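Asks: Supplied in structure tokens, the structure appears directly below.
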Amino acid sequence: MARPCKPEDANWLTPYLTVSDGERALRFYERAFGFTPGEVMRTPDGNVGHAGMTYRGNSLIMFAPEGAWGSEAKTPAHMGAKLPASLYVYCEDVDALTARAKAAGATVTQEPQDMFWGDRCASFTDPDGYDWMFATNIGDFDPSKIPQ
């Protein structure tokens, strides 16, 4: 029998982030956004070398700290750069998530607001400089509300 091309519970697309501190990232993503820690690989000195976290049981992010496994990748904050990509995540209640994220130390870059495409959205920057947008769908896309 042929081996499957990916683990059964893995997504076809999974963001892999570089973080400055693996332990801090685990705590932050759990407290701020509600991710659940999954597989954590530790280095011989006990630090996080790689981690996976799930959101609502079916969305996965993975990350490793700067320098792990010989990587030269840096966080956006340490590069002094704003990445041209962000992470868009649906949630049950974007207003409640915003309060939770603020309490955990996320920088809110856009308070929750209703958007013309039918989502209520809020935007955040995490401690490593990644941009996140969380949304709750509240209606259908209305072309008449597209800003001119």
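The chains in the structure tokens are called A, B, ... from first to last as shown; in each chain the residues are counted from 1, and the ligands are counted from 1 in the order shown.
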Mind checking DSSP for range 43-118 of chain A and telling me the strand (DSSP E) residues as number ranges by chain?
Replies: A: 48-55, 59-65, 87-90, 107-114
Asks: For Asp21 in chain A, list every protein, DNA or RNA residue within 8 Å, evaluated using only C-alpha atoms, and leave out those in the same chain fewer than 3 positions away; present the list as an MDAnalysis selection string.
Replies: chainID A and resid 24:25 48 65:66
Asks: Could the residues in this selection be written to a file with N, CA and C atoms, as a PDB file, in the first residue's frame?
Replies:
ATOM      1  N   ARG A  24       7.644  31.882  23.887  1.00  0.00           N
ATOM      2  CA  ARG A  24       6.783  33.066  23.879  1.00  0.00           C
ATOM      3  C   ARG A  24       5.721  32.941  22.794  1.00  0.00           C
ATOM      4  N   ALA A  25       6.100  32.452  21.624  1.00  0.00           N
ATOM      5  CA  ALA A  25       5.143  32.293  20.533  1.00  0.00           C
ATOM      6  C   ALA A  25       4.036  31.304  20.922  1.00  0.00           C
ATOM      7  N   VAL A  48      12.276  25.399  22.485  1.00  0.00           N
ATOM      8  CA  VAL A  48      11.440  25.032  21.345  1.00  0.00           C
ATOM      9  C   VAL A  48      12.275  25.162  20.075  1.00  0.00           C
ATOM     10  N   PRO A  65      12.139  29.031  15.945  1.00  0.00           N
ATOM     11  CA  PRO A  65      12.836  30.270  16.278  1.00  0.00           C
ATOM     12  C   PRO A  65      13.970  30.575  15.302  1.00  0.00           C
ATOM     13  N   GLU A  66      14.319  31.841  15.252  1.00  0.00           N
ATOM     14  CA  GLU A  66      15.455  32.270  14.442  1.00  0.00           C
ATOM     15  C   GLU A  66      16.661  31.392  14.768  1.00  0.00           C
TER      16      GLU A  66
END
Asks: Give me, as a ChimeraX atom specification, all polymer residues having an atom no more than 7 Å from Thr75 in chain A, counting only C-alpha atoms and skipping those fewer than 5 positions away in the same chain.
Replies: /A:18-20,128-129
Asks: Report the closest atom pair, with its distance in Å rounded to one decimal, for each residue of range 21-73 of chain A that has an atom no farther than 12 Å from range 132-139 of chain A; count only C-alpha atoms, sort by chain and then rising residue number, and write it as a Markdown table.
Replies:
| residue | atom | partner | partner_atom | distance |
| --- | --- | --- | --- | --- |
| A:Tyr29 | CA | A:Trp132 | CA | 11.1 |
| A:Ala32 | CA | A:Trp132 | CA | 11.3 |
| A:Phe33 | CA | A:Phe134 | CA | 8.9 |
| A:Gly34 | CA | A:Phe134 | CA | 11.5 |
| A:Tyr55 | CA | A:Phe134 | CA | 11.9 |
Asks: Select from range 78-148 of chain A everything DSSP, run on the backbone, classes as alpha helix (DSSP H), then give the selection as a ChimeraX atom specification.
Replies: /A:78-79,94-103
Asks: For Met115 in chain A, find every residue with an atom within 9 Å (counting only C-alpha atoms), except residues of its own chain fewer than 3 positions away, and show them as a PDB file with N, CA and C atoms, in the first residue's frame.
Replies:
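Result went into part31.pdb, see below:
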ATOM      1  N   GLY A 118     -18.732  41.381   3.436  1.00  0.00           N
ATOM      2  CA  GLY A 118     -19.595  40.576   4.292  1.00  0.00           C
ATOM      3  C   GLY A 118     -18.965  40.082   5.580  1.00  0.00           C
ATOM      4  N   ASP A 119     -17.717  40.427   5.830  1.00  0.00           N
ATOM      5  CA  ASP A 119     -17.048  40.017   7.062  1.00  0.00           C
ATOM      6  C   ASP A 119     -16.900  41.206   8.008  1.00  0.00           C
ATOM      7  N   ARG A 120     -16.932  40.922   9.299  1.00  0.00           N
ATOM      8  CA  ARG A 120     -16.555  41.893  10.324  1.00  0.00           C
ATOM      9  C   ARG A 120     -15.119  41.532  10.699  1.00  0.00           C
ATOM     10  N   CYS A 121     -14.192  42.472  10.542  1.00  0.00           N
ATOM     11  CA  CYS A 121     -12.768  42.174  10.625  1.00  0.00           C
ATOM     12  C   CYS A 121     -12.039  43.068  11.628  1.00  0.00           C
ATOM     13  N   PHE A 141     -21.512  39.446   0.306  1.00  0.00           N
ATOM     14  CA  PHE A 141     -20.826  40.503  -0.426  1.00  0.00           C
ATOM     15  C   PHE A 141     -21.866  41.400  -1.078  1.00  0.00           C
ATOM     16  N   LYS A 145     -21.561  48.447  -2.006  1.00  0.00           N
ATOM     17  CA  LYS A 145     -20.838  49.036  -0.872  1.00  0.00           C
ATOM     18  C   LYS A 145     -19.321  49.123  -1.097  1.00  0.00           C
ATOM     19  N   ILE A 146     -18.865  48.759  -2.288  1.00  0.00           N
ATOM     20  CA  ILE A 146     -17.434  48.863  -2.578  1.00  0.00           C
ATOM     21  C   ILE A 146     -17.056  50.332  -2.543  1.00  0.00           C
TER      22      ILE A 146
END
Asks: Separation of CA of Leu87 in chain A and CA of Leu17 in chain A, in Å?
Replies: 10.8 Å
